[in-house]
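This report concerns only the one structure given below.
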Amino acid sequence: MILGTDERSIEKAGKIIAGGGLVAFPTETVYGLGASAFREDSVKKIYEAKGRPSDNPLIVHIADVTDIDRLTAECSEKARALIEAFMPGPFTVILKKSGAIPDTVTAGMDTVAVRYPENETAQRLIRAAGVPIAAPSANLSGKPSPTEARHVIDDMTGRIDAVIDGGSCDVGVESTIVDASGVIPVLLRPGGITYEQIKSVVPEAVIDPNILRSLDEGERPRCPGMKYKHYAPEAEVTVVEGDMAAARRKIGELLEENADKVCGVLTMSENAYDSAVILCGGKTNREYARNLFAMLREFDRLGVEVVFAEFEERDGYGLAVRNRLYKAAAQRVIHV
Ligand code: TXA
Ligand code: MG
């Protein structure tokens, strides 16, 4: 069922969640696939619908900061400062969990990830449901996250009860995750709030070194989701990173070498190529973040077999874009 954002639709969606069903909904980052965070049976359905490994925990979405006290066991001064600064917003905080959260939500971990989205439709849905909503991104496991309702429909038709169509997501990449359950807050996933913004509130905050590298066999990252294949379109993606003039020369050569395949280029400028399917990510990293997942899905729709993605770090969103691009490319990165 496709629902709008009118009052009746939101009420209906809230009832589906409270009754144990699954509803996909827009947030400012990406679409989420929501279930009542208090119902183990519904949360299990999320893992089934996505084909998600059961050791990968979910984020719990709230629409009132005071709910954090109910969901968590302790909250340091630094965590409180981050919450005060970035909630509501594209930000997720990890804290020691309370007994209110079933183990299925947190995949057995003793911490819980909490997020208070800024998107009004998301907030209205959480209030209508009357419970916190556990929600991963609403894509099939391993696919690019959905930033439009039709992406959710493509992946999830027949697997969920409803999707609320709230248009395109503004941020386009997922929330920034900070683990604030220890003494020093650690940035586990770069996203809609930049590292610079985090440091302006907690200068000691550090970045998890796994953000830009691949994990070794059997290695267990702090953020379980990091070890899985991610954001991967059908097309084989290669990132060409560095000075833009050099990147264009390199991609020109690669296009010639791959002339027998359907090639695509994800650019950071107007069209600089003539022998490929060209999609523009955006001139700023902020714009690139907004468009990235939709472009990856679009290449697949157009039957593109290999994609070369230009990338240059230009602003605070660079880290988030790079992290998603490296994963989409399974670490195939050429530095120029
Ligand atoms: O913007 C977002 O955060 C979106 C929207 C829907 O809110 N949600 C999202 O959820 O991206 P998901 O499930 O696709 O990504 C959540 C990530 C996973 O990598 C998971 O392993 C990690 O958060 N995570 C969840 N709980 C955790 C915990 N207690 N400790 C460490 N990592 C955790
Ligand atoms: Mg996801």
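Every chain in the structure tokens has a letter given in the order shown (A, B, ...), and although residue numbers restart at 1 in each chain, ligands are simply numbered from 1 in the order shown.
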Item to complete: Skip Pro117 (chain A) itself and residues of its chain fewer than 6 positions away, then list as number ranges by chain all residues within 8 Å of it, counting only C-alpha atoms.
Response: A: 27-28, 61-63, 87-91, 123
Item to complete: Check region 80-277 of chain A with DSSP on the backbone and list each residue it calls alpha helix (DSSP H), as number ranges by chain.
Response: A: 80-86, 103-106, 120-129, 149-156, 195-201, 244-257
Item to complete: Write out as a ChimeraX atom specification all residues of region 6-123 of chain A that DSSP puts in strand (DSSP E) for this structure's backbone.
Response: /A:23-25,32-36,59-61,91-96,111-115
Fill in: Within 6 Å of ligand 1, counting only C-alpha atoms and all ligand atoms, residues as a PyMOL selection string
chain A and resi 29-32+56-59+94+106+109+111-113+135-137+174-175+222-226
Discussion item. Report as a PyMOL selection string all protein, DNA and RNA residues lying within 8 Å of Leu95 (chain A), evaluated on only C-alpha atoms, omitting residues in the same chain fewer than 4 positions from it.
Written reply: chain A and resi 72-75+111-114+179-181
Output the selection as a compact mmCIF listing (two decimals), in the first residue's frame - C-alpha atoms for each residue.
```txt
# COMPACT_ATOMS: atom_id res chain seq x y z
CA THR A 72 19.25 3.83 27.72
CA ALA A 73 20.99 2.91 30.97
CA GLU A 74 23.48 5.77 31.16
CA CYS A 75 24.28 8.97 29.32
CA THR A 111 24.28 -0.81 23.55
CA VAL A 112 21.46 0.76 21.55
CA ALA A 113 21.57 3.23 18.65
CA VAL A 114 19.04 6.07 19.04
CA ASP A 179 29.34 5.73 19.81
CA ALA A 180 29.12 7.71 23.04
CA SER A 181 28.86 4.67 25.32
```
Would you kindly return, as a PDB file with all heavy atoms, in the first residue's frame, each protein, DNA or RNA residue with an atom no farther than 9 Å from any atom of Val277 (chain A), considering only C-alpha atoms and excluding same-chain residues fewer than 5 positions away?
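Saved as result-v7.pdb:
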```pdb
ATOM      1  N   VAL A 262      28.966  -1.476 -21.610  1.00  0.00           N
ATOM      2  CA  VAL A 262      28.159  -0.269 -21.419  1.00  0.00           C
ATOM      3  C   VAL A 262      28.744   0.465 -20.204  1.00  0.00           C
ATOM      4  O   VAL A 262      28.698  -0.029 -19.084  1.00  0.00           O
ATOM      5  CB  VAL A 262      26.673  -0.616 -21.144  1.00  0.00           C
ATOM      6  CG1 VAL A 262      25.850   0.667 -21.030  1.00  0.00           C
ATOM      7  CG2 VAL A 262      26.121  -1.523 -22.225  1.00  0.00           C
ATOM      8  N   CYS A 263      29.353   1.628 -20.474  1.00  0.00           N
ATOM      9  CA  CYS A 263      30.044   2.358 -19.408  1.00  0.00           C
ATOM     10  C   CYS A 263      29.223   3.538 -18.917  1.00  0.00           C
ATOM     11  O   CYS A 263      28.465   4.143 -19.676  1.00  0.00           O
ATOM     12  CB  CYS A 263      31.380   2.902 -19.919  1.00  0.00           C
ATOM     13  SG  CYS A 263      32.556   1.614 -20.317  1.00  0.00           S
ATOM     14  N   GLY A 264      29.403   3.847 -17.647  1.00  0.00           N
ATOM     15  CA  GLY A 264      28.775   5.030 -17.073  1.00  0.00           C
ATOM     16  C   GLY A 264      29.806   5.837 -16.305  1.00  0.00           C
ATOM     17  O   GLY A 264      30.802   5.282 -15.840  1.00  0.00           O
ATOM     18  N   VAL A 265      29.584   7.149 -16.221  1.00  0.00           N
ATOM     19  CA  VAL A 265      30.465   7.985 -15.409  1.00  0.00           C
ATOM     20  C   VAL A 265      29.602   8.825 -14.467  1.00  0.00           C
ATOM     21  O   VAL A 265      28.592   9.397 -14.875  1.00  0.00           O
ATOM     22  CB  VAL A 265      31.342   8.929 -16.267  1.00  0.00           C
ATOM     23  CG1 VAL A 265      32.304   9.724 -15.369  1.00  0.00           C
ATOM     24  CG2 VAL A 265      32.130   8.158 -17.311  1.00  0.00           C
ATOM     25  N   LEU A 266      30.018   8.829 -13.200  1.00  0.00           N
ATOM     26  CA  LEU A 266      29.383   9.685 -12.199  1.00  0.00           C
ATOM     27  C   LEU A 266      30.308  10.888 -12.055  1.00  0.00           C
ATOM     28  O   LEU A 266      31.459  10.744 -11.616  1.00  0.00           O
ATOM     29  CB  LEU A 266      29.274   8.887 -10.893  1.00  0.00           C
ATOM     30  CG  LEU A 266      28.437   9.424  -9.750  1.00  0.00           C
ATOM     31  CD1 LEU A 266      27.072   9.898 -10.218  1.00  0.00           C
ATOM     32  CD2 LEU A 266      28.259   8.323  -8.710  1.00  0.00           C
ATOM     33  N   PHE A 299      21.975   3.932 -12.791  1.00  0.00           N
ATOM     34  CA  PHE A 299      22.905   3.217 -13.694  1.00  0.00           C
ATOM     35  C   PHE A 299      22.395   1.787 -13.946  1.00  0.00           C
ATOM     36  O   PHE A 299      22.414   1.301 -15.070  1.00  0.00           O
ATOM     37  CB  PHE A 299      24.320   3.173 -13.102  1.00  0.00           C
ATOM     38  CG  PHE A 299      25.089   4.457 -13.278  1.00  0.00           C
ATOM     39  CD1 PHE A 299      25.617   5.128 -12.176  1.00  0.00           C
ATOM     40  CD2 PHE A 299      25.318   4.996 -14.543  1.00  0.00           C
ATOM     41  CE1 PHE A 299      26.334   6.304 -12.328  1.00  0.00           C
ATOM     42  CE2 PHE A 299      26.046   6.171 -14.710  1.00  0.00           C
ATOM     43  CZ  PHE A 299      26.546   6.832 -13.598  1.00  0.00           C
ATOM     44  N   LEU A 302      19.495   1.675 -16.288  1.00  0.00           N
ATOM     45  CA  LEU A 302      19.893   1.944 -17.673  1.00  0.00           C
ATOM     46  C   LEU A 302      20.763   0.829 -18.252  1.00  0.00           C
ATOM     47  O   LEU A 302      21.239   0.934 -19.379  1.00  0.00           O
ATOM     48  CB  LEU A 302      20.643   3.283 -17.750  1.00  0.00           C
ATOM     49  CG  LEU A 302      19.800   4.514 -17.378  1.00  0.00           C
ATOM     50  CD1 LEU A 302      20.682   5.750 -17.219  1.00  0.00           C
ATOM     51  CD2 LEU A 302      18.718   4.772 -18.421  1.00  0.00           C
ATOM     52  N   VAL A 304      23.765  -0.147 -17.318  1.00  0.00           N
ATOM     53  CA  VAL A 304      25.204   0.145 -17.338  1.00  0.00           C
ATOM     54  C   VAL A 304      25.964  -0.983 -16.637  1.00  0.00           C
ATOM     55  O   VAL A 304      25.529  -1.490 -15.601  1.00  0.00           O
ATOM     56  CB  VAL A 304      25.470   1.501 -16.647  1.00  0.00           C
ATOM     57  CG1 VAL A 304      26.956   1.731 -16.440  1.00  0.00           C
ATOM     58  CG2 VAL A 304      24.858   2.626 -17.472  1.00  0.00           C
ATOM     59  N   VAL A 307      30.900   1.416 -13.961  1.00  0.00           N
ATOM     60  CA  VAL A 307      30.753   2.836 -13.624  1.00  0.00           C
ATOM     61  C   VAL A 307      32.088   3.367 -13.113  1.00  0.00           C
ATOM     62  O   VAL A 307      32.740   2.727 -12.276  1.00  0.00           O
ATOM     63  CB  VAL A 307      29.688   3.032 -12.516  1.00  0.00           C
ATOM     64  CG1 VAL A 307      29.683   4.471 -12.007  1.00  0.00           C
ATOM     65  CG2 VAL A 307      28.303   2.648 -13.017  1.00  0.00           C
TER      66      VAL A 307
END
```
So that I can see what lies close to Gly172 (chain A), please list as a PDB file with all heavy atoms, in the first residue's frame the residues with an atom at most 10 Å from it, counting only C-alpha atoms and leaving out residues fewer than 6 positions away in the same chain.
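Resulting contents of out.pdb:
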```pdb
ATOM      1  N   THR A  27      12.766   9.863   5.875  1.00  0.00           N
ATOM      2  CA  THR A  27      13.446  10.676   6.886  1.00  0.00           C
ATOM      3  C   THR A  27      14.290  11.669   6.098  1.00  0.00           C
ATOM      4  O   THR A  27      14.347  11.590   4.877  1.00  0.00           O
ATOM      5  CB  THR A  27      14.358   9.856   7.840  1.00  0.00           C
ATOM      6  OG1 THR A  27      15.614   9.611   7.181  1.00  0.00           O
ATOM      7  CG2 THR A  27      13.738   8.535   8.271  1.00  0.00           C
ATOM      8  N   GLU A  28      14.972  12.578   6.763  1.00  0.00           N
ATOM      9  CA  GLU A  28      15.800  13.546   6.038  1.00  0.00           C
ATOM     10  C   GLU A  28      17.038  12.880   5.417  1.00  0.00           C
ATOM     11  O   GLU A  28      17.648  13.426   4.510  1.00  0.00           O
ATOM     12  CB  GLU A  28      16.224  14.713   6.947  1.00  0.00           C
ATOM     13  CG  GLU A  28      17.165  14.363   8.091  1.00  0.00           C
ATOM     14  CD  GLU A  28      16.424  13.840   9.323  1.00  0.00           C
ATOM     15  OE1 GLU A  28      15.306  13.326   9.173  1.00  0.00           O
ATOM     16  OE2 GLU A  28      16.991  13.950  10.432  1.00  0.00           O
ATOM     17  N   THR A  29      17.394  11.673   5.904  1.00  0.00           N
ATOM     18  CA  THR A  29      18.593  11.007   5.370  1.00  0.00           C
ATOM     19  C   THR A  29      18.213  10.066   4.228  1.00  0.00           C
ATOM     20  O   THR A  29      18.511  10.342   3.064  1.00  0.00           O
ATOM     21  CB  THR A  29      19.311  10.217   6.477  1.00  0.00           C
ATOM     22  OG1 THR A  29      18.396   9.276   7.065  1.00  0.00           O
ATOM     23  CG2 THR A  29      19.880  11.149   7.542  1.00  0.00           C
ATOM     24  N   VAL A  30      17.581   8.943   4.560  1.00  0.00           N
ATOM     25  CA  VAL A  30      17.130   7.950   3.582  1.00  0.00           C
ATOM     26  C   VAL A  30      15.793   7.403   4.101  1.00  0.00           C
ATOM     27  O   VAL A  30      15.407   7.696   5.225  1.00  0.00           O
ATOM     28  CB  VAL A  30      18.156   6.787   3.431  1.00  0.00           C
ATOM     29  CG1 VAL A  30      19.517   7.316   2.983  1.00  0.00           C
ATOM     30  CG2 VAL A  30      18.309   5.975   4.728  1.00  0.00           C
ATOM     31  N   TYR A  31      15.097   6.608   3.280  1.00  0.00           N
ATOM     32  CA  TYR A  31      13.860   5.980   3.761  1.00  0.00           C
ATOM     33  C   TYR A  31      14.206   4.874   4.755  1.00  0.00           C
ATOM     34  O   TYR A  31      15.175   4.129   4.568  1.00  0.00           O
ATOM     35  CB  TYR A  31      13.054   5.386   2.598  1.00  0.00           C
ATOM     36  CG  TYR A  31      12.152   6.401   1.928  1.00  0.00           C
ATOM     37  CD1 TYR A  31      12.686   7.396   1.110  1.00  0.00           C
ATOM     38  CD2 TYR A  31      10.772   6.382   2.136  1.00  0.00           C
ATOM     39  CE1 TYR A  31      11.858   8.349   0.516  1.00  0.00           C
ATOM     40  CE2 TYR A  31       9.940   7.319   1.537  1.00  0.00           C
ATOM     41  CZ  TYR A  31      10.483   8.301   0.730  1.00  0.00           C
ATOM     42  OH  TYR A  31       9.665   9.236   0.149  1.00  0.00           O
ATOM     43  N   SER A 145      20.925   2.530  -0.353  1.00  0.00           N
ATOM     44  CA  SER A 145      19.775   2.947   0.458  1.00  0.00           C
ATOM     45  C   SER A 145      18.789   3.739  -0.403  1.00  0.00           C
ATOM     46  O   SER A 145      19.189   4.439  -1.321  1.00  0.00           O
ATOM     47  CB  SER A 145      20.252   3.811   1.625  1.00  0.00           C
ATOM     48  OG  SER A 145      21.075   3.053   2.473  1.00  0.00           O
ATOM     49  N   PRO A 146      17.487   3.621  -0.095  1.00  0.00           N
ATOM     50  CA  PRO A 146      16.474   4.327  -0.891  1.00  0.00           C
ATOM     51  C   PRO A 146      16.357   5.787  -0.489  1.00  0.00           C
ATOM     52  O   PRO A 146      16.272   6.104   0.692  1.00  0.00           O
ATOM     53  CB  PRO A 146      15.182   3.587  -0.540  1.00  0.00           C
ATOM     54  CG  PRO A 146      15.444   2.869   0.732  1.00  0.00           C
ATOM     55  CD  PRO A 146      16.900   2.786   0.965  1.00  0.00           C
ATOM     56  N   THR A 147      16.329   6.677  -1.475  1.00  0.00           N
ATOM     57  CA  THR A 147      16.148   8.094  -1.180  1.00  0.00           C
ATOM     58  C   THR A 147      14.851   8.619  -1.791  1.00  0.00           C
ATOM     59  O   THR A 147      14.557   9.797  -1.702  1.00  0.00           O
ATOM     60  CB  THR A 147      17.348   8.920  -1.692  1.00  0.00           C
ATOM     61  OG1 THR A 147      17.542   8.624  -3.090  1.00  0.00           O
ATOM     62  CG2 THR A 147      18.619   8.563  -0.940  1.00  0.00           C
ATOM     63  N   GLU A 148      14.088   7.720  -2.416  1.00  0.00           N
ATOM     64  CA  GLU A 148      12.764   8.072  -2.952  1.00  0.00           C
ATOM     65  C   GLU A 148      11.849   6.872  -2.724  1.00  0.00           C
ATOM     66  O   GLU A 148      12.318   5.731  -2.690  1.00  0.00           O
ATOM     67  CB  GLU A 148      12.834   8.322  -4.461  1.00  0.00           C
ATOM     68  CG  GLU A 148      13.588   9.580  -4.830  1.00  0.00           C
ATOM     69  CD  GLU A 148      13.792   9.697  -6.340  1.00  0.00           C
ATOM     70  OE1 GLU A 148      12.941   9.194  -7.109  1.00  0.00           O
ATOM     71  OE2 GLU A 148      14.809  10.277  -6.723  1.00  0.00           O
ATOM     72  N   GLY A 191      28.076  10.898   8.120  1.00  0.00           N
ATOM     73  CA  GLY A 191      26.767  11.076   7.490  1.00  0.00           C
ATOM     74  C   GLY A 191      26.360  12.530   7.452  1.00  0.00           C
ATOM     75  O   GLY A 191      27.187  13.418   7.210  1.00  0.00           O
ATOM     76  N   GLY A 192      25.090  12.774   7.747  1.00  0.00           N
ATOM     77  CA  GLY A 192      24.516  14.113   7.595  1.00  0.00           C
ATOM     78  C   GLY A 192      25.066  15.177   8.538  1.00  0.00           C
ATOM     79  O   GLY A 192      24.878  16.368   8.286  1.00  0.00           O
ATOM     80  N   ARG A 286      28.147  17.897  -0.684  1.00  0.00           N
ATOM     81  CA  ARG A 286      26.793  17.931  -0.111  1.00  0.00           C
ATOM     82  C   ARG A 286      25.765  17.457  -1.145  1.00  0.00           C
ATOM     83  O   ARG A 286      24.900  16.630  -0.872  1.00  0.00           O
ATOM     84  CB  ARG A 286      26.503  19.374   0.323  1.00  0.00           C
ATOM     85  CG  ARG A 286      25.104  19.670   0.795  1.00  0.00           C
ATOM     86  CD  ARG A 286      24.998  19.372   2.283  1.00  0.00           C
ATOM     87  NE  ARG A 286      23.686  19.704   2.811  1.00  0.00           N
ATOM     88  CZ  ARG A 286      22.588  18.998   2.608  1.00  0.00           C
ATOM     89  NH1 ARG A 286      22.624  17.923   1.863  1.00  0.00           N
ATOM     90  NH2 ARG A 286      21.444  19.355   3.135  1.00  0.00           N
ATOM     91  N   GLU A 287      25.896  18.011  -2.367  1.00  0.00           N
ATOM     92  CA  GLU A 287      25.012  17.621  -3.476  1.00  0.00           C
ATOM     93  C   GLU A 287      25.267  16.169  -3.892  1.00  0.00           C
ATOM     94  O   GLU A 287      24.337  15.428  -4.205  1.00  0.00           O
ATOM     95  CB  GLU A 287      25.371  18.479  -4.688  1.00  0.00           C
ATOM     96  CG  GLU A 287      24.340  19.428  -5.195  1.00  0.00           C
ATOM     97  CD  GLU A 287      24.936  20.188  -6.384  1.00  0.00           C
ATOM     98  OE1 GLU A 287      25.704  21.157  -6.159  1.00  0.00           O
ATOM     99  OE2 GLU A 287      24.670  19.774  -7.511  1.00  0.00           O
ATOM    100  N   TYR A 288      26.539  15.802  -3.911  1.00  0.00           N
ATOM    101  CA  TYR A 288      26.935  14.442  -4.302  1.00  0.00           C
ATOM    102  C   TYR A 288      26.281  13.443  -3.348  1.00  0.00           C
ATOM    103  O   TYR A 288      25.735  12.415  -3.752  1.00  0.00           O
ATOM    104  CB  TYR A 288      28.461  14.334  -4.229  1.00  0.00           C
ATOM    105  CG  TYR A 288      29.117  13.302  -5.127  1.00  0.00           C
ATOM    106  CD1 TYR A 288      30.354  13.572  -5.729  1.00  0.00           C
ATOM    107  CD2 TYR A 288      28.557  12.055  -5.354  1.00  0.00           C
ATOM    108  CE1 TYR A 288      30.995  12.650  -6.539  1.00  0.00           C
ATOM    109  CE2 TYR A 288      29.188  11.113  -6.164  1.00  0.00           C
ATOM    110  CZ  TYR A 288      30.409  11.416  -6.751  1.00  0.00           C
ATOM    111  OH  TYR A 288      31.040  10.486  -7.545  1.00  0.00           O
ATOM    112  N   ALA A 289      26.303  13.771  -2.054  1.00  0.00           N
ATOM    113  CA  ALA A 289      25.680  12.899  -1.050  1.00  0.00           C
ATOM    114  C   ALA A 289      24.195  12.751  -1.345  1.00  0.00           C
ATOM    115  O   ALA A 289      23.637  11.650  -1.297  1.00  0.00           O
ATOM    116  CB  ALA A 289      25.881  13.477   0.353  1.00  0.00           C
ATOM    117  N   ARG A 290      23.541  13.845  -1.677  1.00  0.00           N
ATOM    118  CA  ARG A 290      22.095  13.817  -1.914  1.00  0.00           C
ATOM    119  C   ARG A 290      21.746  12.918  -3.101  1.00  0.00           C
ATOM    120  O   ARG A 290      20.741  12.227  -3.108  1.00  0.00           O
ATOM    121  CB  ARG A 290      21.563  15.224  -2.146  1.00  0.00           C
ATOM    122  CG  ARG A 290      20.047  15.278  -2.233  1.00  0.00           C
ATOM    123  CD  ARG A 290      19.542  16.676  -2.513  1.00  0.00           C
ATOM    124  NE  ARG A 290      19.894  17.600  -1.459  1.00  0.00           N
ATOM    125  CZ  ARG A 290      20.387  18.819  -1.644  1.00  0.00           C
ATOM    126  NH1 ARG A 290      20.575  19.262  -2.869  1.00  0.00           N
ATOM    127  NH2 ARG A 290      20.702  19.583  -0.631  1.00  0.00           N
ATOM    128  N   ASN A 291      22.598  12.934  -4.139  1.00  0.00           N
ATOM    129  CA  ASN A 291      22.276  12.229  -5.387  1.00  0.00           C
ATOM    130  C   ASN A 291      22.836  10.816  -5.488  1.00  0.00           C
ATOM    131  O   ASN A 291      22.371  10.022  -6.302  1.00  0.00           O
ATOM    132  CB  ASN A 291      22.818  13.027  -6.579  1.00  0.00           C
ATOM    133  CG  ASN A 291      22.129  14.364  -6.715  1.00  0.00           C
ATOM    134  OD1 ASN A 291      20.952  14.488  -6.432  1.00  0.00           O
ATOM    135  ND2 ASN A 291      22.872  15.372  -7.136  1.00  0.00           N
ATOM    136  N   LEU A 292      23.861  10.517  -4.708  1.00  0.00           N
ATOM    137  CA  LEU A 292      24.654   9.310  -4.932  1.00  0.00           C
ATOM    138  C   LEU A 292      23.845   8.017  -5.070  1.00  0.00           C
ATOM    139  O   LEU A 292      23.962   7.296  -6.066  1.00  0.00           O
ATOM    140  CB  LEU A 292      25.686   9.162  -3.798  1.00  0.00           C
ATOM    141  CG  LEU A 292      26.542   7.897  -3.831  1.00  0.00           C
ATOM    142  CD1 LEU A 292      27.361   7.827  -5.112  1.00  0.00           C
ATOM    143  CD2 LEU A 292      27.471   7.843  -2.613  1.00  0.00           C
ATOM    144  N   PHE A 293      23.010   7.710  -4.078  1.00  0.00           N
ATOM    145  CA  PHE A 293      22.310   6.420  -4.107  1.00  0.00           C
ATOM    146  C   PHE A 293      21.326   6.344  -5.277  1.00  0.00           C
ATOM    147  O   PHE A 293      21.173   5.299  -5.912  1.00  0.00           O
ATOM    148  CB  PHE A 293      21.583   6.161  -2.790  1.00  0.00           C
ATOM    149  CG  PHE A 293      22.514   5.904  -1.627  1.00  0.00           C
ATOM    150  CD1 PHE A 293      22.197   6.373  -0.350  1.00  0.00           C
ATOM    151  CD2 PHE A 293      23.681   5.179  -1.794  1.00  0.00           C
ATOM    152  CE1 PHE A 293      23.033   6.126   0.733  1.00  0.00           C
ATOM    153  CE2 PHE A 293      24.525   4.929  -0.717  1.00  0.00           C
ATOM    154  CZ  PHE A 293      24.197   5.409   0.542  1.00  0.00           C
ATOM    155  N   ALA A 294      20.645   7.457  -5.558  1.00  0.00           N
ATOM    156  CA  ALA A 294      19.686   7.471  -6.677  1.00  0.00           C
ATOM    157  C   ALA A 294      20.436   7.245  -7.994  1.00  0.00           C
ATOM    158  O   ALA A 294      19.958   6.523  -8.878  1.00  0.00           O
ATOM    159  CB  ALA A 294      18.924   8.788  -6.703  1.00  0.00           C
ATOM    160  N   VAL A 321      30.600  10.807   1.629  1.00  0.00           N
ATOM    161  CA  VAL A 321      30.491  10.385   0.226  1.00  0.00           C
ATOM    162  C   VAL A 321      31.569   9.344  -0.079  1.00  0.00           C
ATOM    163  O   VAL A 321      31.296   8.302  -0.689  1.00  0.00           O
ATOM    164  CB  VAL A 321      30.633  11.592  -0.728  1.00  0.00           C
ATOM    165  CG1 VAL A 321      30.686  11.133  -2.184  1.00  0.00           C
ATOM    166  CG2 VAL A 321      29.471  12.557  -0.538  1.00  0.00           C
TER     167      VAL A 321
END
```
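Shortest atom-to-atom contact with ligand 2 among A:Lys97, A:Arg52, A:Lys250, A:Lys44: A:Arg52, counting only C-alpha atoms and all ligand atoms.
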Practice prompt. Could you give me, as a list in words, the residues within 6 Å of Tyr317 (chain A), counting only C-alpha atoms and dropping anything in the same chain fewer than 2 positions from it?
Written response: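 Result of the neighbour search: Asn285, Arg286, Asp315, Leu319 and Ala320 of chain A.
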Quick one: write out the picked residues with N, CA and C atoms as a PDB file, in the first residue's frame?
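As a result, again-v3.pdb now contains:
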```pdb
ATOM      1  N   ASN A 285      30.239  18.256  -2.355  1.00  0.00           N
ATOM      2  CA  ASN A 285      30.089  16.930  -1.751  1.00  0.00           C
ATOM      3  C   ASN A 285      28.701  16.795  -1.117  1.00  0.00           C
ATOM      4  N   ARG A 286      28.147  17.897  -0.684  1.00  0.00           N
ATOM      5  CA  ARG A 286      26.793  17.931  -0.111  1.00  0.00           C
ATOM      6  C   ARG A 286      25.765  17.457  -1.145  1.00  0.00           C
ATOM      7  N   ASP A 315      34.119  19.449   0.694  1.00  0.00           N
ATOM      8  CA  ASP A 315      33.545  20.041   1.906  1.00  0.00           C
ATOM      9  C   ASP A 315      33.353  18.949   2.968  1.00  0.00           C
ATOM     10  N   LEU A 319      33.769  13.062   3.567  1.00  0.00           N
ATOM     11  CA  LEU A 319      34.045  11.796   4.250  1.00  0.00           C
ATOM     12  C   LEU A 319      32.879  10.817   4.089  1.00  0.00           C
ATOM     13  N   ALA A 320      31.659  11.332   4.188  1.00  0.00           N
ATOM     14  CA  ALA A 320      30.475  10.462   4.038  1.00  0.00           C
ATOM     15  C   ALA A 320      30.366   9.939   2.605  1.00  0.00           C
TER      16      ALA A 320
END
```
Discussion item. From the options A:Asp69, A:Glu120, A:Glu241, A:Asp208, which residue's atoms come nearest to Gly166 (chain A), counting only C-alpha atoms?
Written reply: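 When distances to Gly166 (chain A) are compared using only C-alpha atoms, the smallest one comes from A:Glu120.
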